[in-house]
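In what follows, a single structure is set out as structure tokens and then discussed.
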Amino acid sequence: MPEAVRIDGKGFADGLRARIAAAAEAFALHAGRRPGLAVVLVGEDAASQVYVGAKGRACIEAGIASFEHRLPATTGAAELLVLIERLNRDPEVDGILVQLPLPEGLDEQAVIAAIDPDKDVDGFHVINAGRLSVGQEGFVPCTPLGCLMLLRDHLGDLSGLEAVVIGRSNIVGKPMAQLLTDANATVTIAHSRTRDLPEVVRRADIVVAAVGRPEMVRGDWIKPGATVIDVGINRLPPTEDRPKGRLVGDVAYAEALGVAGAITPVPGGVGPMTIAVLLRNTLVAAHRHAGMDAPSGI
Ligand code: NDP
């Protein structure tokens with residue numbers, strides 16, 4: 001059996017970002033302002049600081065205005081809600097993202113609920129979850145939408161394919177299953193209580209692993225020729241030659257390469273798609289706020 005095709009998420013995301021940059025420039029010419037994304041970071045979580053920095057740089061590269069609000073970990077709920085209310089009203093701000101996790105003591109659900117659903121470019125607001133569920137236009141969480149884009153790019157029509165999504169979180173697993181259902185796949189959602197997970201995965205033409213357990217999905221769980229999307233990002237303990245620890249996905253990549261038809265690597269697969277789709281959602285929000293049709297092909 002030939003080795004699986006490596007799905008180049010980084011390359012796809014680079015292309016998407018270039019198309020977004022062109023569309024953002026056209027938007028600015030027409031609307032007289034750039035699309036704008038406000039990112040709110042509360043506290044000093046190291047990983048969150050890296051993500052927020054990366055999002056800000058990606059905005060600037062794409063011609064999207066980036067408004068960063070870095071608040072101390074001691075920020076109270078009332079103060080945070082006042083800021084969100086101000087961003088909701090700000091006509092320069094098309095998208096609002098509150099970086100999670102929030103420090104202990106702040107209620108994430110209450111904070112997300114305060115964001116105007118039409119500026120909720122993360123797609124985490126219950127209104128947007130509801131819109132996705134009933135098939136209305138809204139915002140879809142970035143990571144699963146990025147996975148769908150890679151699947152469509154690689155497979156084309158997904159009609160009738162058997163898809164197994166491992167994981168049922170609100171930010172990845174559930175919206176992923178919804179998107180695949182809307183794309184006419186036959187979808188199974190697996191989770192920690194699923195019986196005989198290897199056997200469930202073996203029937204899938206499409207496997208999306210979003211678990212957070214390093215290399216849990218083994219090569220012999222995969223149906224020959226299946227397309228495997230590995231959402232997991234897990235850092236292994238440091239070793240002598242890898243003092244920072246190696247990054248691996250939820251799929252045993254080397255084993256899967258010999259069985260799958262195609263697979264996303266970690267890193268360089270799904271990860272780069274998440275920020276690209278965040279930019280895409282911000283651009284779409286800007287068009288909606290300006291009463292313009294969103295550009296096609298992004
Ligand atoms: P969550 O922890 O919220 O959800 C994990 C899911 O996996 C749960 O539904 C859980 O089941 C299920 N699960 C846990 N153990 C098992 C098991 N042994 N067998 C089957 N299912 C199991 O994680 P997220 O959805 O937030 O993230 C998943 C992974 O994706 C993580 O590695 C995360 O780092 C990564 N990620 C990557 C992103 C990217 O940009 N590439 C973005 C977001 C996440 P149950 O519900 O029963 O507990």
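Ligands are numbered from 1 in the order shown, residues from 1 within each chain, and chains are lettered A, B, ... in the order they appear in the structure tokens.
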What does the list of residues within 7 Å of ligand 1 look like if you count only C-alpha atoms and all ligand atoms, written as a PyMOL selection string? chain A and resi 143+166-169+171-173+190-194+197+210-213+231-234+249-250+270-272+274
Closest-contact table, region 217-258 of chain A side, partner region 3-16 of chain A, 8 Å, counting only C-alpha atoms, as JSON lines:
{"residue": "A:Gly225", "atom": "CA", "partner": "A:Ala4", "partner_atom": "CA", "distance": 7.8}
{"residue": "A:Ala256", "atom": "CA", "partner": "A:Ala4", "partner_atom": "CA", "distance": 7.8}
{"residue": "A:Leu257", "atom": "CA", "partner": "A:Ala4", "partner_atom": "CA", "distance": 5.0}
{"residue": "A:Gly258", "atom": "CA", "partner": "A:Glu3", "partner_atom": "CA", "distance": 5.2}
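Near Thr186 (chain A), within 9 Å and counting only C-alpha atoms, sit Ser159, Gly160, Leu161, Glu162, Ala163, Val164, Leu180, Thr181, Asn184 and Thr188 of chain A, not including residues fewer than 2 positions from it in the same chain.
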Residues of the last selection are to be written out with N, CA and C atoms, as a PDB file, in the first residue's frame.
ATOM      1  N   SER A 159     -20.536  13.514   0.456  1.00  0.00           N
ATOM      2  CA  SER A 159     -21.836  12.839   0.550  1.00  0.00           C
ATOM      3  C   SER A 159     -21.690  11.340   0.750  1.00  0.00           C
ATOM      4  N   GLY A 160     -22.389  10.851   1.761  1.00  0.00           N
ATOM      5  CA  GLY A 160     -22.477   9.412   1.973  1.00  0.00           C
ATOM      6  C   GLY A 160     -21.267   8.794   2.651  1.00  0.00           C
ATOM      7  N   LEU A 161     -20.215   9.579   2.866  1.00  0.00           N
ATOM      8  CA  LEU A 161     -19.032   8.996   3.507  1.00  0.00           C
ATOM      9  C   LEU A 161     -19.295   8.770   4.994  1.00  0.00           C
ATOM     10  N   GLU A 162     -18.688   7.721   5.537  1.00  0.00           N
ATOM     11  CA  GLU A 162     -18.787   7.442   6.981  1.00  0.00           C
ATOM     12  C   GLU A 162     -17.734   8.266   7.700  1.00  0.00           C
ATOM     13  N   ALA A 163     -18.166   9.136   8.619  1.00  0.00           N
ATOM     14  CA  ALA A 163     -17.215   9.964   9.372  1.00  0.00           C
ATOM     15  C   ALA A 163     -17.314   9.628  10.855  1.00  0.00           C
ATOM     16  N   VAL A 164     -16.179   9.463  11.503  1.00  0.00           N
ATOM     17  CA  VAL A 164     -16.164   9.287  12.952  1.00  0.00           C
ATOM     18  C   VAL A 164     -15.374  10.438  13.560  1.00  0.00           C
ATOM     19  N   LEU A 180     -20.007  18.104   9.349  1.00  0.00           N
ATOM     20  CA  LEU A 180     -19.944  16.900   8.506  1.00  0.00           C
ATOM     21  C   LEU A 180     -21.343  16.408   8.155  1.00  0.00           C
ATOM     22  N   THR A 181     -22.263  16.520   9.120  1.00  0.00           N
ATOM     23  CA  THR A 181     -23.656  16.143   8.843  1.00  0.00           C
ATOM     24  C   THR A 181     -24.223  17.036   7.751  1.00  0.00           C
ATOM     25  N   ASN A 184     -23.430  16.145   4.372  1.00  0.00           N
ATOM     26  CA  ASN A 184     -24.036  14.877   3.938  1.00  0.00           C
ATOM     27  C   ASN A 184     -23.198  13.634   4.221  1.00  0.00           C
ATOM     28  N   THR A 188     -20.685   9.615  13.169  1.00  0.00           N
ATOM     29  CA  THR A 188     -20.703   9.041  14.519  1.00  0.00           C
ATOM     30  C   THR A 188     -19.828   9.921  15.410  1.00  0.00           C
TER      31      THR A 188
END
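Here the question is which of A:Asp107, A:Met273, A:Val200, A:Leu37 gets nearest to Lys119 (chain A) using only C-alpha atoms, and that residue is A:Leu37.
With only C-alpha atoms as the basis for measurement, A:Ala73 is the residue among A:Met149, A:Ala73, A:Ala276, A:Leu155 that approaches Val40 (chain A) most closely.
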Write out as a short mmCIF file (atom, residue, chain, number, x, y, z; two decimals) with C-alpha atoms, in the first residue's frame all residues of region 73-174 of chain A that backbone DSSP assigns to strand (DSSP E or B).
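Done, and the output landed in out30.cif:
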data_model
loop_
_atom_site.label_atom_id
_atom_site.label_comp_id
_atom_site.auth_asym_id
_atom_site.auth_seq_id
_atom_site.Cartn_x
_atom_site.Cartn_y
_atom_site.Cartn_z
CA GLY A 95 -14.80 40.57 15.63
CA ILE A 96 -14.25 40.05 19.36
CA LEU A 97 -12.24 37.18 20.73
CA VAL A 98 -11.71 36.56 24.43
CA GLU A 162 -18.79 7.44 6.98
CA ALA A 163 -17.22 9.96 9.37
CA VAL A 164 -16.16 9.29 12.95
CA VAL A 165 -15.41 12.30 15.14
CA ILE A 166 -13.57 11.37 18.34
#
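Note that CA of Pro117 (chain A) and CA of Gly130 (chain A) are 10.9 Å apart.
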Write out as an MDAnalysis selection string all residues of region 140-169 of chain A that backbone DSSP assigns to alpha helix (DSSP H). chainID A and resid 142:155
Give me the residues within 7 Å of Arg202 (chain A) as a PDB file with all heavy atoms, in the first residue's frame, counting only C-alpha atoms and dropping any in the same chain fewer than 3 places off.
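The resulting around.pdb:
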ATOM      1  N   PRO A 198     -11.716   1.288  18.808  1.00  0.00           N
ATOM      2  CA  PRO A 198     -11.008   0.874  17.583  1.00  0.00           C
ATOM      3  C   PRO A 198     -11.960   0.351  16.507  1.00  0.00           C
ATOM      4  O   PRO A 198     -11.829   0.682  15.331  1.00  0.00           O
ATOM      5  CB  PRO A 198     -10.061  -0.231  18.067  1.00  0.00           C
ATOM      6  CG  PRO A 198      -9.836   0.094  19.515  1.00  0.00           C
ATOM      7  CD  PRO A 198     -11.123   0.685  20.017  1.00  0.00           C
ATOM      8  N   GLU A 199     -12.962  -0.429  16.936  1.00  0.00           N
ATOM      9  CA  GLU A 199     -13.910  -1.000  15.960  1.00  0.00           C
ATOM     10  C   GLU A 199     -14.771   0.099  15.335  1.00  0.00           C
ATOM     11  O   GLU A 199     -15.084   0.061  14.136  1.00  0.00           O
ATOM     12  CB  GLU A 199     -14.790  -2.041  16.680  1.00  0.00           C
ATOM     13  CG  GLU A 199     -15.339  -3.128  15.801  1.00  0.00           C
ATOM     14  CD  GLU A 199     -14.338  -3.728  14.826  1.00  0.00           C
ATOM     15  OE1 GLU A 199     -13.273  -4.241  15.248  1.00  0.00           O
ATOM     16  OE2 GLU A 199     -14.610  -3.649  13.612  1.00  0.00           O
ATOM     17  N   TRP A 221      -6.303   0.866  13.800  1.00  0.00           N
ATOM     18  CA  TRP A 221      -7.705   1.278  13.971  1.00  0.00           C
ATOM     19  C   TRP A 221      -8.250   1.858  12.664  1.00  0.00           C
ATOM     20  O   TRP A 221      -9.458   2.107  12.566  1.00  0.00           O
ATOM     21  CB  TRP A 221      -7.836   2.402  15.000  1.00  0.00           C
ATOM     22  CG  TRP A 221      -7.441   2.098  16.402  1.00  0.00           C
ATOM     23  CD1 TRP A 221      -6.673   1.072  16.862  1.00  0.00           C
ATOM     24  CD2 TRP A 221      -7.789   2.879  17.556  1.00  0.00           C
ATOM     25  NE1 TRP A 221      -6.505   1.166  18.216  1.00  0.00           N
ATOM     26  CE2 TRP A 221      -7.181   2.255  18.673  1.00  0.00           C
ATOM     27  CE3 TRP A 221      -8.537   4.035  17.745  1.00  0.00           C
ATOM     28  CZ2 TRP A 221      -7.309   2.765  19.969  1.00  0.00           C
ATOM     29  CZ3 TRP A 221      -8.670   4.539  19.019  1.00  0.00           C
ATOM     30  CH2 TRP A 221      -8.060   3.902  20.133  1.00  0.00           C
ATOM     31  N   ILE A 222      -7.339   2.163  11.734  1.00  0.00           N
ATOM     32  CA  ILE A 222      -7.736   2.972  10.586  1.00  0.00           C
ATOM     33  C   ILE A 222      -8.068   2.088   9.392  1.00  0.00           C
ATOM     34  O   ILE A 222      -7.324   1.156   9.063  1.00  0.00           O
ATOM     35  CB  ILE A 222      -6.603   3.976  10.246  1.00  0.00           C
ATOM     36  CG1 ILE A 222      -6.481   4.975  11.405  1.00  0.00           C
ATOM     37  CG2 ILE A 222      -6.849   4.700   8.932  1.00  0.00           C
ATOM     38  CD1 ILE A 222      -5.238   5.802  11.365  1.00  0.00           C
ATOM     39  N   LYS A 223      -9.195   2.407   8.765  1.00  0.00           N
ATOM     40  CA  LYS A 223      -9.589   1.668   7.550  1.00  0.00           C
ATOM     41  C   LYS A 223      -8.617   2.039   6.428  1.00  0.00           C
ATOM     42  O   LYS A 223      -8.317   3.222   6.230  1.00  0.00           O
ATOM     43  CB  LYS A 223     -11.007   2.120   7.186  1.00  0.00           C
ATOM     44  CG  LYS A 223     -11.576   1.583   5.909  1.00  0.00           C
ATOM     45  CD  LYS A 223     -13.055   1.946   5.913  1.00  0.00           C
ATOM     46  CE  LYS A 223     -13.638   1.991   4.526  1.00  0.00           C
ATOM     47  NZ  LYS A 223     -15.083   2.291   4.589  1.00  0.00           N
TER      48      LYS A 223
END
Pick from A:Gln178, A:Ser133, A:Thr239, A:Ser48: nearest to Leu145 (chain A), with only C-alpha atoms counted? A:Gln178
